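Structure file coords.pdb (PDB, C-alpha atoms, pLDDT in the B column) follows.
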ATOM      1  CA  MET A   1      54.529 157.799 162.543  1.00 41.00           C
ATOM      2  CA  THR A   2      54.190 161.570 162.008  1.00 42.00           C
ATOM      3  CA  ARG A   3      56.012 163.447 159.270  1.00 44.00           C
ATOM      4  CA  ARG A   4      58.300 165.001 161.902  1.00 40.00           C
ATOM      5  CA  GLN A   5      59.100 161.611 163.451  1.00 38.00           C
ATOM      6  CA  THR A   6      59.899 160.237 160.003  1.00 35.00           C
ATOM      7  CA  ALA A   7      62.211 163.192 159.280  1.00 37.00           C
ATOM      8  CA  CYS A   8      63.957 162.751 162.638  1.00 37.00           C
ATOM      9  CA  ALA A   9      64.369 159.016 162.033  1.00 37.00           C
ATOM     10  CA  THR A  10      65.861 159.746 158.601  1.00 35.00           C
ATOM     11  CA  VAL A  11      68.325 162.281 160.019  1.00 37.00           C
ATOM     12  CA  LEU A  12      69.338 159.908 162.793  1.00 35.00           C
ATOM     13  CA  GLY A  13      69.822 157.118 160.248  1.00 39.00           C
ATOM     14  CA  VAL A  14      72.115 159.304 158.153  1.00 40.00           C
ATOM     15  CA  LEU A  15      74.084 160.362 161.232  1.00 40.00           C
ATOM     16  CA  ALA A  16      74.438 156.757 162.322  1.00 38.00           C
ATOM     17  CA  VAL A  17      76.224 156.040 159.053  1.00 41.00           C
ATOM     18  CA  ALA A  18      78.277 159.241 159.012  1.00 44.00           C
ATOM     19  CA  LEU A  19      79.530 159.342 162.600  1.00 44.00           C
ATOM     20  CA  PRO A  20      81.708 156.643 164.108  1.00 47.00           C
ATOM     21  CA  ALA A  21      79.825 154.226 166.329  1.00 43.00           C
ATOM     22  CA  TYR A  22      81.798 155.247 169.401  1.00 45.00           C
ATOM     23  CA  LEU A  23      80.261 158.720 169.114  1.00 44.00           C
ATOM     24  CA  ILE A  24      76.706 157.824 168.177  1.00 45.00           C
ATOM     25  CA  SER A  25      75.528 155.306 170.762  1.00 47.00           C
ATOM     26  CA  PRO A  26      76.005 157.165 174.033  1.00 50.00           C
ATOM     27  CA  ALA A  27      75.691 160.669 172.621  1.00 47.00           C
ATOM     28  CA  LEU A  28      72.390 160.373 170.770  1.00 51.00           C
ATOM     29  CA  ALA A  29      70.870 158.160 173.430  1.00 49.00           C
ATOM     30  CA  ALA A  30      71.422 160.992 175.900  1.00 52.00           C
ATOM     31  CA  GLY A  31      69.706 163.680 173.781  1.00 75.00           C
ATOM     32  CA  ALA A  32      72.832 165.249 172.341  1.00 80.00           C
ATOM     33  CA  ARG A  33      72.871 168.252 170.007  1.00 90.00           C
ATOM     34  CA  VAL A  34      74.522 167.375 166.678  1.00 93.00           C
ATOM     35  CA  THR A  35      75.802 169.917 164.157  1.00 95.00           C
ATOM     36  CA  SER A  36      77.521 169.123 160.875  1.00 96.00           C
ATOM     37  CA  GLY A  37      79.098 170.878 157.941  1.00 97.00           C
ATOM     38  CA  SER A  38      80.845 170.293 154.638  1.00 97.00           C
ATOM     39  CA  LEU A  39      84.549 171.066 154.463  1.00 94.00           C
ATOM     40  CA  ASN A  40      85.477 173.259 151.515  1.00 91.00           C
ATOM     41  CA  ALA A  41      88.828 174.633 150.413  1.00 90.00           C
ATOM     42  CA  LEU A  42      89.302 178.315 151.218  1.00 90.00           C
ATOM     43  CA  PRO A  43      90.483 180.824 148.618  1.00 84.00           C
ATOM     44  CA  GLY A  44      94.254 180.782 148.651  1.00 74.00           C
ATOM     45  CA  ALA A  45      94.418 177.207 149.974  1.00 73.00           C
ATOM     46  CA  GLY A  46      97.408 176.704 147.743  1.00 67.00           C
ATOM     47  CA  ALA A  47      98.114 174.697 144.627  1.00 65.00           C
ATOM     48  CA  ASN A  48      98.744 171.540 146.679  1.00 66.00           C
ATOM     49  CA  GLU A  49      95.363 171.451 148.462  1.00 72.00           C
ATOM     50  CA  PRO A  50      92.729 173.026 146.176  1.00 67.00           C
ATOM     51  CA  GLY A  51      90.543 169.930 146.227  1.00 86.00           C
ATOM     52  CA  ILE A  52      90.035 169.573 149.969  1.00 92.00           C
ATOM     53  CA  ALA A  53      86.542 168.328 150.748  1.00 94.00           C
ATOM     54  CA  GLY A  54      84.829 166.339 153.446  1.00 96.00           C
ATOM     55  CA  ALA A  55      82.580 166.546 156.443  1.00 97.00           C
ATOM     56  CA  ALA A  56      82.822 167.599 160.072  1.00 97.00           C
ATOM     57  CA  HIS A  57      80.384 166.561 162.797  1.00 97.00           C
ATOM     58  CA  LEU A  58      80.182 168.035 166.274  1.00 97.00           C
ATOM     59  CA  VAL A  59      78.211 166.367 169.067  1.00 96.00           C
ATOM     60  CA  ARG A  60      77.447 168.291 172.248  1.00 95.00           C
ATOM     61  CA  THR A  61      76.406 165.588 174.705  1.00 94.00           C
ATOM     62  CA  SER A  62      74.016 166.101 177.572  1.00 90.00           C
ATOM     63  CA  ASP A  63      76.668 164.781 179.967  1.00 92.00           C
ATOM     64  CA  GLY A  64      78.965 167.763 179.313  1.00 94.00           C
ATOM     65  CA  ARG A  65      81.312 166.571 176.554  1.00 95.00           C
ATOM     66  CA  THR A  66      81.938 167.716 172.990  1.00 96.00           C
ATOM     67  CA  LEU A  67      82.850 165.173 170.308  1.00 96.00           C
ATOM     68  CA  LEU A  68      84.320 166.009 166.900  1.00 97.00           C
ATOM     69  CA  SER A  69      84.628 163.654 163.934  1.00 97.00           C
ATOM     70  CA  LEU A  70      86.067 164.405 160.498  1.00 96.00           C
ATOM     71  CA  GLN A  71      86.377 162.735 157.120  1.00 97.00           C
ATOM     72  CA  VAL A  72      88.590 164.609 154.644  1.00 96.00           C
ATOM     73  CA  THR A  73      89.756 164.048 151.047  1.00 95.00           C
ATOM     74  CA  GLY A  74      92.082 166.014 148.772  1.00 93.00           C
ATOM     75  CA  LEU A  75      94.994 166.306 151.206  1.00 93.00           C
ATOM     76  CA  ARG A  76      98.661 165.743 150.401  1.00 91.00           C
ATOM     77  CA  SER A  77      99.762 162.171 151.048  1.00 92.00           C
ATOM     78  CA  GLY A  78     101.479 161.675 154.410  1.00 92.00           C
ATOM     79  CA  VAL A  79     101.113 165.309 155.489  1.00 90.00           C
ATOM     80  CA  THR A  80      99.793 166.194 158.960  1.00 91.00           C
ATOM     81  CA  TYR A  81      97.384 169.105 159.300  1.00 91.00           C
ATOM     82  CA  GLY A  82      96.058 171.023 162.284  1.00 91.00           C
ATOM     83  CA  VAL A  83      92.275 170.874 162.745  1.00 93.00           C
ATOM     84  CA  HIS A  84      90.535 173.004 165.353  1.00 91.00           C
ATOM     85  CA  LEU A  85      87.119 174.149 166.426  1.00 96.00           C
ATOM     86  CA  HIS A  86      86.741 177.862 165.577  1.00 96.00           C
ATOM     87  CA  GLY A  87      84.562 180.703 166.839  1.00 96.00           C
ATOM     88  CA  ALA A  88      83.123 182.338 163.692  1.00 97.00           C
ATOM     89  CA  PRO A  89      81.480 181.228 160.445  1.00 97.00           C
ATOM     90  CA  CYS A  90      83.512 180.382 157.335  1.00 96.00           C
ATOM     91  CA  SER A  91      82.040 183.452 155.606  1.00 95.00           C
ATOM     92  CA  ALA A  92      83.745 185.829 158.077  1.00 94.00           C
ATOM     93  CA  THR A  93      86.474 188.151 156.779  1.00 93.00           C
ATOM     94  CA  ASN A  94      88.852 185.903 158.714  1.00 93.00           C
ATOM     95  CA  PRO A  95      87.239 182.532 157.781  1.00 94.00           C
ATOM     96  CA  GLY A  96      86.280 180.676 160.947  1.00 95.00           C
ATOM     97  CA  GLY A  97      87.672 183.472 163.133  1.00 94.00           C
ATOM     98  CA  GLY A  98      90.016 182.473 165.927  1.00 93.00           C
ATOM     99  CA  HIS A  99      90.256 179.162 167.715  1.00 93.00           C
ATOM    100  CA  TYR A 100      87.297 178.399 169.968  1.00 96.00           C
ATOM    101  CA  LYS A 101      88.493 178.151 173.566  1.00 96.00           C
ATOM    102  CA  HIS A 102      86.448 176.761 176.421  1.00 96.00           C
ATOM    103  CA  ASP A 103      88.097 179.363 178.668  1.00 96.00           C
ATOM    104  CA  PRO A 104      88.830 182.404 176.460  1.00 94.00           C
ATOM    105  CA  ALA A 105      91.768 183.350 178.696  1.00 95.00           C
ATOM    106  CA  GLY A 106      93.140 179.790 178.720  1.00 94.00           C
ATOM    107  CA  ALA A 107      95.768 177.992 176.669  1.00 91.00           C
ATOM    108  CA  ALA A 108      95.490 177.652 172.881  1.00 89.00           C
ATOM    109  CA  GLN A 109      95.650 173.840 172.950  1.00 89.00           C
ATOM    110  CA  PRO A 110      93.798 170.867 174.416  1.00 91.00           C
ATOM    111  CA  PRO A 111      92.235 170.458 176.884  1.00 94.00           C
ATOM    112  CA  ASN A 112      91.088 174.109 176.523  1.00 95.00           C
ATOM    113  CA  GLU A 113      90.577 173.729 172.752  1.00 94.00           C
ATOM    114  CA  LEU A 114      89.063 170.924 170.718  1.00 95.00           C
ATOM    115  CA  TRP A 115      91.423 169.599 168.044  1.00 93.00           C
ATOM    116  CA  GLY A 116      90.895 166.787 165.542  1.00 94.00           C
ATOM    117  CA  SER A 117      93.460 163.993 165.528  1.00 94.00           C
ATOM    118  CA  SER A 118      94.097 160.849 163.490  1.00 94.00           C
ATOM    119  CA  ASP A 119      95.637 159.279 166.608  1.00 93.00           C
ATOM    120  CA  PRO A 120      92.931 158.524 169.200  1.00 86.00           C
ATOM    121  CA  SER A 121      95.546 158.361 171.952  1.00 89.00           C
ATOM    122  CA  ASP A 122      96.990 161.832 171.220  1.00 90.00           C
ATOM    123  CA  PRO A 123      94.589 164.805 170.892  1.00 89.00           C
ATOM    124  CA  MET A 124      97.453 166.999 169.658  1.00 89.00           C
ATOM    125  CA  ALA A 125      98.781 164.663 166.929  1.00 90.00           C
ATOM    126  CA  GLY A 126      96.938 166.419 164.094  1.00 91.00           C
ATOM    127  CA  LEU A 127      95.139 164.958 161.104  1.00 93.00           C
ATOM    128  CA  THR A 128      97.438 162.840 158.913  1.00 93.00           C
ATOM    129  CA  ALA A 129      96.536 161.997 155.312  1.00 94.00           C
ATOM    130  CA  ASN A 130      97.023 158.450 154.044  1.00 96.00           C
ATOM    131  CA  ALA A 131      98.682 157.580 150.712  1.00 95.00           C
ATOM    132  CA  ALA A 132      95.480 158.479 148.838  1.00 95.00           C
ATOM    133  CA  GLY A 133      95.237 161.904 150.509  1.00 94.00           C
ATOM    134  CA  ASN A 134      92.333 160.939 152.758  1.00 96.00           C
ATOM    135  CA  ALA A 135      92.109 161.298 156.522  1.00 96.00           C
ATOM    136  CA  ARG A 136      89.745 160.563 159.367  1.00 96.00           C
ATOM    137  CA  GLY A 137      90.030 162.104 162.783  1.00 96.00           C
ATOM    138  CA  ARG A 138      88.265 162.790 165.997  1.00 96.00           C
ATOM    139  CA  GLY A 139      88.523 164.878 169.109  1.00 95.00           C
ATOM    140  CA  VAL A 140      86.934 164.793 172.543  1.00 96.00           C
ATOM    141  CA  ALA A 141      86.622 167.602 175.081  1.00 96.00           C
ATOM    142  CA  ASN A 142      85.315 167.214 178.622  1.00 96.00           C
ATOM    143  CA  TRP A 143      83.223 170.379 178.299  1.00 97.00           C
ATOM    144  CA  THR A 144      80.267 171.441 176.173  1.00 96.00           C
ATOM    145  CA  ALA A 145      81.109 173.843 173.358  1.00 96.00           C
ATOM    146  CA  GLY A 146      79.041 177.010 173.437  1.00 94.00           C
ATOM    147  CA  VAL A 147      77.039 178.565 170.620  1.00 93.00           C
ATOM    148  CA  THR A 148      80.068 180.537 169.427  1.00 95.00           C
ATOM    149  CA  ALA A 149      81.763 177.271 168.375  1.00 96.00           C
ATOM    150  CA  GLN A 150      80.669 177.731 164.764  1.00 97.00           C
ATOM    151  CA  ALA A 151      83.210 176.112 162.438  1.00 97.00           C
ATOM    152  CA  VAL A 152      85.978 173.578 161.987  1.00 97.00           C
ATOM    153  CA  VAL A 153      89.130 174.771 160.198  1.00 95.00           C
ATOM    154  CA  ILE A 154      91.984 172.765 158.664  1.00 93.00           C
ATOM    155  CA  HIS A 155      95.382 174.445 158.946  1.00 90.00           C
ATOM    156  CA  ALA A 156      98.644 173.875 157.062  1.00 87.00           C
ATOM    157  CA  GLY A 157     102.027 173.803 158.716  1.00 71.00           C
ATOM    158  CA  PHE A 158     101.022 171.750 161.740  1.00 73.00           C
ATOM    159  CA  ASP A 159     103.576 171.318 164.516  1.00 64.00           C
ATOM    160  CA  HIS A 160     102.789 168.570 167.055  1.00 62.00           C
ATOM    161  CA  GLY A 161     101.632 170.335 170.174  1.00 58.00           C
ATOM    162  CA  GLY A 162     100.514 173.217 168.017  1.00 57.00           C
ATOM    163  CA  THR A 163     100.744 176.941 168.125  1.00 54.00           C
ATOM    164  CA  ALA A 164      98.131 179.563 168.918  1.00 51.00           C
ATOM    165  CA  GLY A 165      98.024 180.600 165.246  1.00 57.00           C
ATOM    166  CA  GLY A 166      97.704 177.096 163.823  1.00 67.00           C
ATOM    167  CA  GLY A 167      99.237 177.944 160.418  1.00 78.00           C
ATOM    168  CA  PRO A 168      97.504 179.116 157.218  1.00 87.00           C
ATOM    169  CA  LYS A 169      93.826 178.167 156.894  1.00 90.00           C
ATOM    170  CA  LEU A 170      93.174 175.707 154.062  1.00 92.00           C
ATOM    171  CA  ALA A 171      89.547 174.595 154.512  1.00 94.00           C
ATOM    172  CA  CYS A 172      86.519 175.407 156.622  1.00 95.00           C
ATOM    173  CA  ALA A 173      83.177 173.818 157.554  1.00 97.00           C
ATOM    174  CA  ASP A 174      80.285 175.756 159.082  1.00 97.00           C
ATOM    175  CA  LEU A 175      78.565 173.740 161.809  1.00 96.00           C
ATOM    176  CA  SER A 176      74.803 173.960 161.614  1.00 92.00           C
TER     177      SER A 176
END

So that I can check it, write out the structure of this file as structure tokens.
Amino acid sequence: MTRRQTACATVLGVLAVALPAYLISPALAAGARVTSGSLNALPGAGANEPGIAGAAHLVRTSDGRTLLSLQVTGLRSGVTYGVHLHGAPCSATNPGGGHYKHDPAGAAQPPNELWGSSDPSDPMAGLTANAAGNARGRGVANWTAGVTAQAVVIHAGFDHGGTAGGGPKLACADLS
């Protein structure tokens, strides 16, 4: 095995552990493009959420879907947060920029946006922390996110069904 093949096998092994099995099997078998990033609290995240951390993974499948998975710690117990794909890096003046929309002129909610949800049956349910302040979520879109889908942002003040603004930004992960 070449050095490159070994590196690829190592990366795929790590992803197989990090991403839920329902995302890995069909997506990677089809030659998907996977990007990942570490979630970090943003300045001004507030006294209640300064320790937000975790990981976000985005899979752009070759069959035209985009899959998001998240693992987050440091949230307030029982609180639901908005999580959305965003169109700029976390280092931007406005961290993450605005919500990434498949159709820029379309609605600011699924199915035109990709949101993370703790409830697999409801893409607009938000990410809800358990008693320990941890949460897992996922999202699926029936389109392939473009190159301007650069970050995942966690918002405070989530309202089921969401708003275009999404509430104050608490944490951000660059997808690379």

query = Mind pulling up the distance from CA of Met124 in chain A to CA of Asp63 in chain A?
reply =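 Here the two named atoms are 23.3 Å from each other.
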
message = Can you pull out the residues contacting Ser36 in chain A? Cut-off 6 Å, using all atoms listed in the file, and skip same-chain residues under 6 positions away; I want them as JSON, numbers by chain.
response = {"A": [56, 57, 175, 176]}

Within 6 Å of range 142-146 of chain A, which residues of range 41-116 of chain A come that close, and what is the closest atom pair and distance in Å for each? Count only C-alpha atoms and give it as a Markdown table.
| residue | atom | partner | partner_atom | distance |
| --- | --- | --- | --- | --- |
| A:Arg60 | CA | A:Thr144 | CA | 5.8 |
| A:Gly64 | CA | A:Thr144 | CA | 5.0 |
| A:Arg65 | CA | A:Asn142 | CA | 4.6 |
| A:Thr66 | CA | A:Thr144 | CA | 5.2 |

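The result of the PyMOL selection byres ((chain A and resi 174) around 8) on the shown file is Ser36, Gly37, Ser38, Leu39, Pro89, Cys90, Gly96, Gln150, Ala151, Val152, Cys172, Ala173, Leu175 and Ser176 of chain A.
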
ask   = Applied to the shown file, which residues does the PyMOL selection byres ((chain A and resi 108-115) around 10) return, written as a PyMOL selection string?
value = chain A and resi 66-69+82-86+99-107+116-117+123-127+137-143+145+149+152-154+161-166
